[in-house]
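upload-v8.cif follows; it contains mmCIF, C-alpha atoms.
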data_structure
loop_
_atom_site.label_atom_id
_atom_site.label_comp_id
_atom_site.auth_asym_id
_atom_site.auth_seq_id
_atom_site.Cartn_x
_atom_site.Cartn_y
_atom_site.Cartn_z
CA MET A 3 -8.98 13.76 39.01
CA GLU A 4 -6.41 16.38 39.98
CA ASN A 5 -3.57 14.35 38.41
CA ILE A 6 -4.34 15.14 34.75
CA THR A 7 -1.20 16.39 33.05
CA GLY A 8 -1.25 18.97 30.29
CA GLN A 9 -0.27 16.34 27.70
CA GLU A 10 -3.22 14.10 28.61
CA PHE A 11 -5.58 17.05 28.50
CA ILE A 12 -4.35 17.95 25.00
CA SER A 13 -4.80 14.34 23.82
CA ALA A 14 -8.36 14.23 25.14
CA MET A 15 -9.23 17.56 23.55
CA SER A 16 -7.72 16.37 20.23
CA ALA A 17 -10.00 13.33 20.30
CA ILE A 18 -13.04 15.53 20.97
CA GLY A 19 -11.92 17.86 18.17
CA ALA A 20 -11.62 14.93 15.75
CA GLY A 21 -15.16 13.90 16.62
CA ILE A 22 -16.46 17.41 16.06
CA ALA A 23 -14.58 17.66 12.74
CA MET A 24 -16.42 14.61 11.44
CA ILE A 25 -19.75 16.47 11.68
CA ALA A 26 -18.60 17.63 8.22
CA GLY A 27 -19.78 14.21 7.01
CA VAL A 28 -23.42 15.34 7.23
CA GLY A 29 -23.19 17.66 4.23
CA PRO A 30 -21.78 15.23 1.64
CA GLY A 31 -24.29 12.61 2.81
CA ILE A 32 -27.21 14.89 2.03
CA GLY A 33 -25.64 16.02 -1.24
CA GLN A 34 -24.80 12.55 -2.50
CA GLY A 35 -28.21 11.22 -1.56
CA TYR A 36 -29.89 14.05 -3.42
CA ALA A 37 -27.73 13.41 -6.51
CA ALA A 38 -28.52 9.68 -6.41
CA GLY A 39 -32.25 10.40 -6.04
CA GLN A 40 -32.24 12.78 -9.00
CA ALA A 41 -30.30 10.24 -11.06
CA ALA A 42 -32.83 7.54 -10.21
CA ALA A 43 -35.64 9.84 -11.31
CA ALA A 44 -33.77 10.62 -14.54
CA VAL A 45 -33.25 6.92 -15.31
CA GLY A 46 -36.97 6.33 -14.68
CA ARG A 47 -37.84 9.05 -17.17
CA ASN A 48 -35.25 8.07 -19.79
CA PRO A 49 -33.93 4.50 -19.36
CA GLY A 50 -31.93 4.67 -22.60
CA ALA A 51 -29.46 7.21 -21.16
CA LYS A 52 -28.59 5.07 -18.13
CA SER A 53 -24.81 4.95 -18.66
CA ASP A 54 -24.50 8.69 -19.25
CA ILE A 55 -26.59 9.46 -16.18
CA THR A 56 -24.57 7.06 -14.03
CA SER A 57 -21.22 8.56 -15.01
CA THR A 58 -22.49 12.12 -14.48
CA MET A 59 -23.90 11.13 -11.09
CA LEU A 60 -20.61 9.54 -9.98
CA LEU A 61 -18.65 12.61 -11.06
CA GLY A 62 -20.99 14.98 -9.21
CA GLN A 63 -20.96 12.82 -6.09
CA ALA A 64 -17.16 12.72 -6.11
CA VAL A 65 -17.01 16.51 -6.26
CA ALA A 66 -19.61 16.83 -3.50
CA GLU A 67 -17.57 14.47 -1.35
CA THR A 68 -14.61 16.87 -1.20
CA THR A 69 -15.81 18.95 1.77
CA GLY A 70 -16.36 15.80 3.82
CA LEU A 71 -12.85 14.64 2.99
CA TYR A 72 -11.42 17.92 4.29
CA GLY A 73 -13.12 17.19 7.61
CA LEU A 74 -11.75 13.64 7.49
CA ALA A 75 -8.22 14.93 6.86
CA VAL A 76 -8.50 17.26 9.89
CA ALA A 77 -9.81 14.41 12.06
CA ILE A 78 -7.06 11.99 10.99
CA ILE A 79 -4.36 14.60 11.58
CA LEU A 80 -5.78 15.33 15.06
CA MET A 81 -6.01 11.65 15.96
CA PHE A 82 -2.80 10.15 14.57
CA VAL A 83 -0.35 12.94 13.75
CA LYS A 84 -0.88 14.91 16.99
CA PRO A 85 0.16 18.40 15.88
CA PHE A 86 -0.29 19.91 19.38
CA LYS A 87 2.34 18.60 21.74
CA MET B 13 11.00 10.78 -7.35
CA GLY B 14 8.65 13.53 -6.25
CA ASN B 15 7.49 11.70 -3.18
CA LEU B 16 11.01 11.22 -1.91
CA ILE B 17 11.64 14.94 -1.84
CA PHE B 18 8.16 15.57 -0.62
CA ASN B 19 8.34 13.15 2.29
CA ALA B 20 11.35 14.92 3.64
CA ALA B 21 10.80 18.57 2.88
CA GLY B 22 7.12 19.30 2.48
CA SER B 23 5.38 20.80 5.46
CA ILE B 24 1.92 19.59 4.44
CA SER B 25 3.22 16.04 4.31
CA CYS B 26 3.05 16.03 8.10
CA LEU B 27 1.06 12.82 7.78
CA CYS B 28 4.22 11.02 6.74
CA GLU B 29 6.72 13.05 8.76
CA ALA B 30 4.95 13.32 12.06
CA THR B 31 3.61 9.81 11.80
CA ALA B 32 7.21 8.74 11.70
CA ASP B 33 8.04 10.81 14.77
CA THR B 34 5.14 9.55 16.86
CA ALA B 35 5.78 5.96 15.81
CA LYS B 36 9.35 6.28 16.95
CA SER B 37 8.88 8.33 20.10
CA SER B 38 5.96 6.46 21.64
CA SER B 39 5.22 2.77 21.82
CA GLU B 40 1.95 2.92 19.84
CA ASP B 41 2.29 1.49 16.34
CA PHE B 42 -0.73 1.19 14.08
CA SER B 43 -0.62 -1.19 11.17
CA PHE B 44 -2.11 1.36 8.75
CA MET B 45 0.59 4.00 9.13
CA ILE B 46 3.48 4.58 6.74
CA LYS B 47 6.39 2.46 7.90
CA LEU B 48 9.93 3.75 7.80
CA LEU B 49 12.22 1.02 6.58
CA LYS B 50 15.57 2.75 6.09
CA GLU B 51 16.94 6.12 7.11
CA PHE B 52 19.72 8.05 5.41
CA LYS B 53 20.99 11.60 5.30
CA ILE B 54 21.71 13.72 2.22
CA GLY B 55 23.06 17.21 2.83
CA GLY B 56 21.59 17.56 6.30
CA GLN B 57 18.14 16.35 5.27
CA THR B 58 16.96 13.11 6.76
CA LEU B 59 15.26 10.98 4.12
CA TYR B 60 13.45 7.70 4.54
CA ILE B 61 12.71 4.67 2.41
CA THR B 62 9.07 4.06 3.35
CA SER B 63 6.55 1.32 2.66
CA THR B 64 5.09 3.66 0.00
CA HIS B 65 8.24 3.33 -2.09
CA ILE B 66 8.18 -0.46 -1.88
CA SER B 67 4.52 -0.58 -2.95
CA LEU B 68 5.17 1.88 -5.79
CA VAL B 69 8.08 -0.20 -7.09
CA ILE B 70 5.98 -3.38 -6.96
CA VAL B 71 3.07 -1.68 -8.77
CA THR B 72 5.41 -0.30 -11.44
CA ILE B 73 7.09 -3.66 -12.00
CA THR B 74 3.67 -5.31 -12.33
CA LEU B 75 2.66 -2.71 -14.92
CA ILE B 76 5.88 -3.22 -16.89
CA ILE B 77 5.47 -7.01 -16.88
CA MET B 78 1.84 -6.73 -18.02
CA ALA B 79 2.78 -4.28 -20.76
CA SER B 80 5.64 -6.41 -22.12
CA VAL B 81 3.54 -9.59 -22.10
CA VAL B 82 0.71 -7.88 -23.98
CA ASN B 83 3.21 -6.28 -26.37
CA ARG B 84 4.74 -9.66 -27.26
CA ILE B 85 1.37 -11.31 -27.80
CA VAL B 86 -0.06 -8.49 -29.90
CA LYS B 87 3.08 -8.33 -32.08
CA LYS B 88 2.82 -12.06 -32.82
CA ALA B 89 -0.93 -11.95 -33.52
CA ASN B 90 -2.28 -12.57 -36.99
CA ALA B 91 -5.38 -10.82 -38.28
CA SER B 92 -6.76 -14.14 -39.57
CA ASP B 93 -6.30 -16.06 -36.27
CA THR B 94 -8.74 -16.26 -33.38
CA PRO B 95 -7.43 -13.93 -30.61
CA GLY B 96 -6.35 -15.62 -27.38
CA THR B 97 -7.48 -14.82 -23.85
CA ILE B 98 -4.86 -12.19 -23.01
CA GLN B 99 -5.30 -10.44 -26.36
CA ASN B 100 -9.05 -10.35 -25.81
CA ILE B 101 -8.68 -8.79 -22.36
CA ALA B 102 -6.15 -6.24 -23.64
CA GLU B 103 -8.42 -5.25 -26.53
CA LEU B 104 -11.36 -4.91 -24.14
CA VAL B 105 -9.41 -2.65 -21.76
CA VAL B 106 -7.96 -0.48 -24.53
CA GLY B 107 -11.35 -0.16 -26.22
CA MET B 108 -13.01 0.82 -22.93
CA LEU B 109 -10.39 3.47 -22.18
CA ASP B 110 -10.56 4.82 -25.76
CA ASN B 111 -14.32 5.07 -25.44
CA MET B 112 -14.09 6.86 -22.09
CA VAL B 113 -11.62 9.46 -23.35
CA ASN B 114 -13.45 9.86 -26.67
CA SER B 115 -16.85 10.47 -25.06
CA SER B 116 -15.65 13.42 -22.98
CA MET B 117 -12.90 15.01 -25.10
CA GLY B 118 -14.23 14.63 -28.61
CA LYS B 119 -11.82 15.12 -31.50
CA GLU B 120 -8.92 16.21 -29.25
CA SER B 121 -8.90 12.81 -27.58
CA LYS B 122 -5.98 11.42 -29.66
CA ARG B 123 -3.50 13.73 -27.95
CA PHE B 124 -4.51 12.79 -24.41
CA VAL B 125 -5.59 9.15 -24.56
CA ASN B 126 -2.09 7.88 -23.68
CA TYR B 127 -1.73 9.95 -20.54
CA ILE B 128 -5.31 9.42 -19.32
CA SER B 129 -5.12 5.64 -19.85
CA THR B 130 -1.81 5.43 -18.00
CA LEU B 131 -3.19 7.51 -15.15
CA PHE B 132 -6.29 5.33 -14.89
CA ILE B 133 -4.46 2.00 -14.88
CA PHE B 134 -1.76 3.24 -12.50
CA VAL B 135 -4.21 4.68 -9.97
CA LEU B 136 -6.43 1.60 -10.24
CA LEU B 137 -3.53 -0.76 -9.54
CA CYS B 138 -2.33 1.44 -6.67
CA ASN B 139 -5.80 1.49 -5.11
CA ILE B 140 -6.43 -2.23 -5.25
CA SER B 141 -2.90 -3.09 -4.09
CA GLY B 142 -4.30 -2.88 -0.53
CA LEU B 143 -6.03 -6.16 -1.34
CA PHE B 144 -2.67 -7.88 -1.87
CA GLY B 145 -1.21 -6.96 1.48
CA LEU B 146 0.64 -3.83 0.39
CA ARG B 147 -0.01 -0.42 1.88
CA ALA B 148 -1.80 1.41 -0.93
CA PRO B 149 0.64 4.02 -2.35
CA THR B 150 -2.21 6.46 -2.99
CA ALA B 151 -2.79 6.65 0.78
CA ASP B 152 0.33 8.84 0.89
CA TYR B 153 -0.15 12.51 0.08
CA GLY B 154 3.29 12.57 -1.52
CA VAL B 155 1.99 10.31 -4.31
CA THR B 156 -1.33 12.00 -5.04
CA LEU B 157 -0.11 15.61 -5.03
CA PRO B 158 2.26 15.04 -8.02
CA LEU B 159 -0.69 13.56 -9.94
CA GLY B 160 -2.67 16.74 -9.21
CA LEU B 161 0.29 18.94 -10.18
CA ILE B 162 0.70 17.13 -13.52
CA THR B 163 -2.96 17.84 -14.24
CA PHE B 164 -2.47 21.50 -13.19
CA CYS B 165 0.51 21.90 -15.56
CA MET B 166 -1.39 20.22 -18.41
CA ILE B 167 -4.42 22.48 -17.91
CA HIS B 168 -2.37 25.67 -18.15
CA TYR B 169 -0.10 24.39 -20.94
CA CYS B 170 -3.15 23.56 -23.05
CA GLY B 171 -4.83 26.87 -22.15
CA ILE B 172 -1.79 28.95 -23.10
CA LYS B 173 -1.25 26.94 -26.30
CA LYS B 174 -4.88 27.43 -27.35
CA ASN B 175 -5.61 31.00 -26.27
CA LYS B 176 -2.11 32.57 -26.00
CA MET B 177 -2.25 35.56 -23.58
CA LYS B 178 -6.04 35.60 -23.55
CA HIS B 179 -5.72 32.64 -21.18
CA PHE B 180 -4.56 35.02 -18.45
CA GLY B 181 -7.04 37.65 -19.55
CA ASP B 182 -9.88 35.23 -18.88
CA MET B 183 -8.71 34.89 -15.31
CA CYS B 184 -9.46 38.55 -14.54
CA LYS B 185 -12.73 38.85 -16.42
CA PRO B 186 -14.60 40.82 -13.77
CA VAL B 187 -11.51 42.70 -12.55
CA ILE B 188 -12.71 42.75 -8.96
CA LEU B 189 -12.90 38.94 -8.85
CA THR B 190 -9.28 38.34 -9.98
CA PRO B 191 -7.97 37.08 -6.60
CA ILE B 192 -10.90 34.67 -6.25
CA ASN B 193 -10.29 33.31 -9.76
CA ILE B 194 -6.59 32.78 -9.01
CA ILE B 195 -7.42 30.95 -5.77
CA GLY B 196 -9.92 28.84 -7.69
CA GLU B 197 -7.23 27.86 -10.20
CA LEU B 198 -4.79 26.99 -7.42
CA ALA B 199 -7.41 24.90 -5.62
CA VAL B 200 -7.75 22.49 -8.55
CA PRO B 201 -4.65 20.31 -7.89
CA ILE B 202 -5.20 20.43 -4.13
CA SER B 203 -8.82 19.27 -4.28
CA LEU B 204 -7.98 16.70 -6.98
CA SER B 205 -5.21 15.13 -4.89
CA LEU B 206 -6.99 15.41 -1.53
CA ARG B 207 -10.03 13.61 -2.93
CA LEU B 208 -8.01 10.56 -3.98
CA PHE B 209 -5.85 10.68 -0.85
CA GLY B 210 -8.80 11.04 1.54
CA ASN B 211 -10.80 8.21 0.03
CA ILE B 212 -7.98 5.69 0.00
CA MET B 213 -6.60 6.85 3.36
CA SER B 214 -10.00 6.44 5.03
CA GLY B 215 -10.28 2.95 3.55
CA THR B 216 -6.81 2.05 4.79
CA VAL B 217 -7.48 3.41 8.29
CA LEU B 218 -10.84 1.62 8.55
CA MET B 219 -9.34 -1.68 7.37
CA GLY B 220 -6.57 -1.31 9.94
CA LEU B 221 -9.13 -0.66 12.68
CA ILE B 222 -11.23 -3.67 11.59
CA TYR B 223 -8.17 -5.91 11.79
CA MET B 224 -7.54 -4.65 15.34
CA LEU B 225 -10.89 -6.08 16.51
CA PRO B 226 -10.99 -9.33 18.56
CA ARG B 227 -10.01 -12.46 16.72
CA TYR B 228 -13.46 -14.05 16.27
CA VAL B 229 -14.81 -10.91 14.55
CA THR B 230 -12.05 -10.76 11.95
CA VAL B 231 -13.05 -13.95 10.12
CA GLY B 232 -15.56 -12.97 7.43
CA ILE B 233 -16.19 -9.26 7.92
CA PRO B 234 -12.86 -7.99 6.49
CA ALA B 235 -13.64 -9.66 3.15
CA ALA B 236 -16.82 -7.62 2.71
CA ALA B 237 -15.01 -4.48 3.85
CA HIS B 238 -12.18 -5.14 1.37
CA VAL B 239 -14.71 -5.42 -1.46
CA TYR B 240 -16.13 -2.01 -0.60
CA PHE B 241 -13.02 -0.05 0.42
CA ASP B 242 -10.45 -1.49 -1.98
CA ILE B 243 -12.32 -2.63 -5.08
CA PHE B 244 -15.43 -0.44 -5.26
CA SER B 245 -13.92 2.75 -3.83
CA GLY B 246 -10.65 2.20 -5.72
CA CYS B 247 -12.36 1.77 -9.09
CA ILE B 248 -14.63 4.78 -8.51
CA GLN B 249 -11.71 7.01 -7.52
CA ALA B 250 -9.56 5.91 -10.47
CA TYR B 251 -12.49 6.71 -12.76
CA VAL B 252 -13.15 10.04 -11.04
CA ILE B 253 -9.58 11.35 -11.15
CA SER B 254 -9.15 10.54 -14.85
CA MET B 255 -12.62 11.91 -15.63
CA LEU B 256 -11.97 15.18 -13.76
CA THR B 257 -8.59 15.56 -15.47
CA MET B 258 -10.34 15.24 -18.84
CA VAL B 259 -13.10 17.66 -17.82
CA TYR B 260 -10.62 20.34 -16.70
CA ILE B 261 -8.48 19.99 -19.84
CA SER B 262 -11.38 19.97 -22.31
CA ASP B 263 -12.73 23.04 -20.47
CA LYS B 264 -9.55 24.90 -21.45
CA ILE B 265 -9.13 23.67 -25.01
CA GLY B 266 -12.78 24.50 -25.64
CA ASP B 267 -14.23 21.55 -27.44
#

As structure tokens, please, write out the structure in this file.
Amino acid sequence: MENITGQEFISAMSAIGAGIAMIAGVGPGIGQGYAAGQAAAAVGRNPGAKSDITSTMLLGQAVAETTGLYGLAVAIILMFVKPFK
Amino acid sequence: MGNLIFNAAGSISCLCEATADTAKSSSEDFSFMIKLLKEFKIGGQTLYITSTHISLVIVTITLIIMASVVNRIVKKANASDTPGTIQNIAELVVGMLDNMVNSSMGKESKRFVNYISTLFIFVLLCNISGLFGLRAPTADYGVTLPLGLITFCMIHYCGIKKNKMKHFGDMCKPVILTPINIIGELAVPISLSLRLFGNIMSGTVLMGLIYMLPRYVTVGIPAAAHVYFDIFSGCIQAYVISMLTMVYISDKIGD
């Protein structure tokens, strides 16, 4: 155990950091699920406006997804680009 | 040409730059990373021809061929004849795009329908090119950031044309919130491009990881994953980026 070099330690910590960064995926999941649930309720109430509701839902979900994608970008940079050498 | 400059000079394009460095320095080489095919120097800067450029050229040539074929068929068509298959498909696509732009921009749609349709078809072809063995060009931040910057320039050009100097006056409406408003305006191209980049990049990375699994697993599963990551996600993102561009622009021209 005493033979861990600094480089290996940094790699391991980067992997742990990437895992922690992906906790950001919780928020968009809740948000997108809520938007889809509300859209389903809206279609149930007014089936004629299905196409409008679907496009609005997709747009809102795409915007809600942004914060999760920032976490994903951080995780990918930590895993594959290795900024800390 | 933006991505060429960007790949070499931009600091945020570390995904391309540093990927190149790690791929060269160490032995690990993932199939989903940007590959450097040719290296050359211009004025002290080291530039690369990457797999992104190859994919972009192939996508552009495909678009040009499709456009010229449709152009020839539509020019020859007679109003009294029954339209052929290709003409039917072309009319369907153009009608769908016209409808999409018209429903969210109203009477200003005539000025923007060309750009929005081009953007939609280009991004769609780029996204689903992962299905044909290319590395999707939109999984490179140097391709998506120019798309966001074009939208940013169009937003402010339309705003200044419509409202003259009041366009800048609106930005400091409550005077104390001026810095926050300016940051909000600057965040538009970044969030627009990062959304497309992140979605396609995550699809590319996951497909690469699936193909690295043991042989007997990679028989049927990648097909289902391709349907989700390339076709479904690609279509949704092409729709979303053109829709958001329209929403931002029609917000400024006030319709």

Once you count only C-alpha atoms, what closest atom pair and distance in Å to one decimal does each residue of chain A within 8 Å of chain B have, with rows by chain and rising residue number, as JSON lines?
{"residue": "A:Leu60", "atom": "CA", "partner": "B:Val252", "partner_atom": "CA", "distance": 7.6}
{"residue": "A:Leu61", "atom": "CA", "partner": "B:Val252", "partner_atom": "CA", "distance": 6.1}
{"residue": "A:Ala64", "atom": "CA", "partner": "B:Val252", "partner_atom": "CA", "distance": 6.9}
{"residue": "A:Glu67", "atom": "CA", "partner": "B:Arg207", "partner_atom": "CA", "distance": 7.8}
{"residue": "A:Thr68", "atom": "CA", "partner": "B:Arg207", "partner_atom": "CA", "distance": 5.9}
{"residue": "A:Leu71", "atom": "CA", "partner": "B:Gly210", "partner_atom": "CA", "distance": 5.6}
{"residue": "A:Tyr72", "atom": "CA", "partner": "B:Leu206", "partner_atom": "CA", "distance": 7.7}
{"residue": "A:Leu74", "atom": "CA", "partner": "B:Gly210", "partner_atom": "CA", "distance": 7.1}
{"residue": "A:Ala75", "atom": "CA", "partner": "B:Gly210", "partner_atom": "CA", "distance": 6.6}
{"residue": "A:Ile79", "atom": "CA", "partner": "B:Leu27", "partner_atom": "CA", "distance": 6.9}
{"residue": "A:Phe82", "atom": "CA", "partner": "B:Thr31", "partner_atom": "CA", "distance": 7.0}
{"residue": "A:Val83", "atom": "CA", "partner": "B:Thr31", "partner_atom": "CA", "distance": 5.4}
{"residue": "A:Lys84", "atom": "CA", "partner": "B:Ala30", "partner_atom": "CA", "distance": 7.8}
{"residue": "A:Pro85", "atom": "CA", "partner": "B:Ala30", "partner_atom": "CA", "distance": 8.0}

What is the distance between CA of Ile140 (chain B) and CA of Asp242 (chain B), in Å to one decimal?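 About the pair CA of Ile140 (chain B) and CA of Asp242 (chain B): they are 5.2 Å apart.
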
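When CA of Ser141 (chain B) is paired with CA of Ile222 (chain B), their separation reads 17.8 Å.
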
The PyMOL selection byres ((chain A and resi 26) around 9) applied to the shown file, residues as a count of residues only: 14

Which residues would end up in the selection if the PyMOL selection byres ((chain B and resi 171) around 12) were applied here, given that I need the answer as a PyMOL selection string? chain B and resi 164-170+172-183+260-266

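Here CA of Ala37 (chain A) stands at a distance of 6.4 Å from CA of Met59 (chain A).
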
Near Gln34 (chain A), within 7 Å and counting only C-alpha atoms, which residues show up once chain neighbours fewer than 4 positions away are dropped, as a ChimeraX atom specification? /A:30,38,63,66

With only C-alpha atoms as the counted atoms, please give the residues lying no more than 9 Å from Lys87 (chain A), apart from itself and same-chain residues fewer than 6 positions off, as a PDB file with C-alpha atoms, in the coordinates of the input.
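Saved as out.pdb:
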ATOM      1  CA  GLN A   9      -0.270  16.340  27.700  1.00  0.00           C
ATOM      2  CA  ILE A  12      -4.350  17.950  25.000  1.00  0.00           C
ATOM      3  CA  SER A  13      -4.800  14.340  23.820  1.00  0.00           C
TER       4      SER A  13
END
